[in-house]
Amino acid sequence: MKSDGKVVVEKVGGRSTVTRCFSKYPLKFIIPNKVGPSKTDAVWIYSLTYGGGIVSGDSISCELTIGDGCATVLTTQASTKVYKSMGSKCSEQALEARIGSDAILAIVPDPVTCFSTARYSQKQVFRVVSDSNLVIVDWITSGRHESGERWDFDLYKSTNRILLEGDLPLFLDTVLLERGSIASIAERMQDYQVIAMVVLFGPKMKHIQNQVQEDVKKIMSEQLIIPSTSLGHQIMNKSKHYLMKPSFVASASVFGPKGIGVVVRIAAMTTESVYKFLQQQLASMEPLLGVSPYR
């Protein structure tokens, strides 16, 4: 099923306003009149699909244009479910967004959850100028735990690109998880049930970038402390305890000219721990967006 959606946000009377909104089955946009305090100037867009998920063979494309000085949030009402594939059919989603000068776009969805045998590919392209502001959260869970499915899908591919001033590549990233003949995805992921990526770009994100780098450093230094050798050779002999796997692993690195962007990568054993991390790290966006993401 081919689908298209388009949203344009522009300043009207000094306020961020949706001036064009179009969607075609099975895609639908819900745009509340107001999210958060009335003084906050931000548009919230909820993207959903009829049937509550993406069916095998669906191809959904979406285009966003965020005008100069506007603030927009694109989110979901629940996790994006990708249903079982029929044969070799792959479900696809594509997003292309243009973010104007001094504008903010926050992509803060719930995670993707792929059912057993699902095949899913998504591509997101963001066109920015030097003073655009962008937040991207892109994450996936291992599947339906209650049904005993853990990394049981056939293919997951997610590509994110940020292009500066037209077509200058600024950030290019692809995550690919594919069922292999030698080792399954579950074997490769071991005990980790969630992988996530957070991208923070632009001058208005600077304080969040600084904070998240400090917090990641602190989290990992606490997780990876080597036990004291005062316990003697007992610890050294029990190497599985000595090299205990941390339940939450994160890294943060800068990209772009003058470190204008930060990317955080996460692997975690629980979805709840990632929700908590996102809630904490993005809480200071509340004055910009009206409501803190993942609250």
# chains A, B, ... in the order shown; residues from 1 in each chain; ligands from 1
call {"tool": "residues_around", "arguments": {"residues": "Ile266 (chain A)", "least_positions_apart": "2", "cutoff": "12 Å", "atoms": "only C-alpha atoms", "output": "ChimeraX atom specification"}}
result
/A:137-141,192-199,216,219-220,246-252,263-264,268-271,273-275,277-278
call {"tool": "select_by_dssp", "arguments": {"residues": "region 39-279 of chain A", "states": "strand (DSSP E)", "output": "number ranges by chain"}}
result
A: 43-49, 53-54, 59-66, 71-75, 80-82, 91-99, 104-107, 112-114, 119-128, 133-141, 155-164, 168-178, 194-201, 248-255, 261-268
call {"tool": "residues_around", "arguments": {"residues": "Val291 (chain A)", "least_positions_apart": "3", "cutoff": "7 Å", "atoms": "only C-alpha atoms", "output": "PDB file with N, CA and C atoms, in the first residue's frame"}}
result
ATOM      1  N   VAL A  35      -0.685  21.847  23.017  1.00  0.00           N
ATOM      2  CA  VAL A  35      -0.028  20.930  23.942  1.00  0.00           C
ATOM      3  C   VAL A  35       0.844  21.784  24.847  1.00  0.00           C
ATOM      4  N   GLY A  36       0.596  21.723  26.146  1.00  0.00           N
ATOM      5  CA  GLY A  36       1.384  22.527  27.071  1.00  0.00           C
ATOM      6  C   GLY A  36       0.814  23.916  27.259  1.00  0.00           C
ATOM      7  N   GLU A 286      11.385  21.320  27.650  1.00  0.00           N
ATOM      8  CA  GLU A 286      10.000  21.707  27.955  1.00  0.00           C
ATOM      9  C   GLU A 286       9.689  23.176  27.640  1.00  0.00           C
TER      10      GLU A 286
END
call {"tool": "closest_residue", "arguments": {"among": "A:Ser181, A:Ser253, A:Ser38, A:Thr113", "to": "Phe153 (chain A)", "atoms": "only C-alpha atoms"}}
result
A:Thr113
call {"tool": "closest_atom_pairs", "arguments": {"of": "region 125-211 of chain A", "to": "region 80-86 of chain A", "cutoff": "10 Å", "atoms": "only C-alpha atoms", "output": "Markdown table"}}
result
| residue | atom | partner | partner_atom | distance |
| --- | --- | --- | --- | --- |
| A:Ile140 | CA | A:Thr80 | CA | 9.1 |
| A:Gly143 | CA | A:Lys81 | CA | 9.0 |
| A:Arg144 | CA | A:Lys81 | CA | 9.6 |
| A:Phe153 | CA | A:Lys84 | CA | 8.1 |
| A:Asp154 | CA | A:Ser85 | CA | 8.7 |
| A:Leu155 | CA | A:Ser85 | CA | 9.8 |
| A:Tyr156 | CA | A:Val82 | CA | 9.9 |
call {"tool": "closest_residue", "arguments": {"among": "A:Ser61, A:Gln211, A:Ser142, A:Asn160", "to": "Leu282 (chain A)", "atoms": "only C-alpha atoms"}}
result
A:Gln211
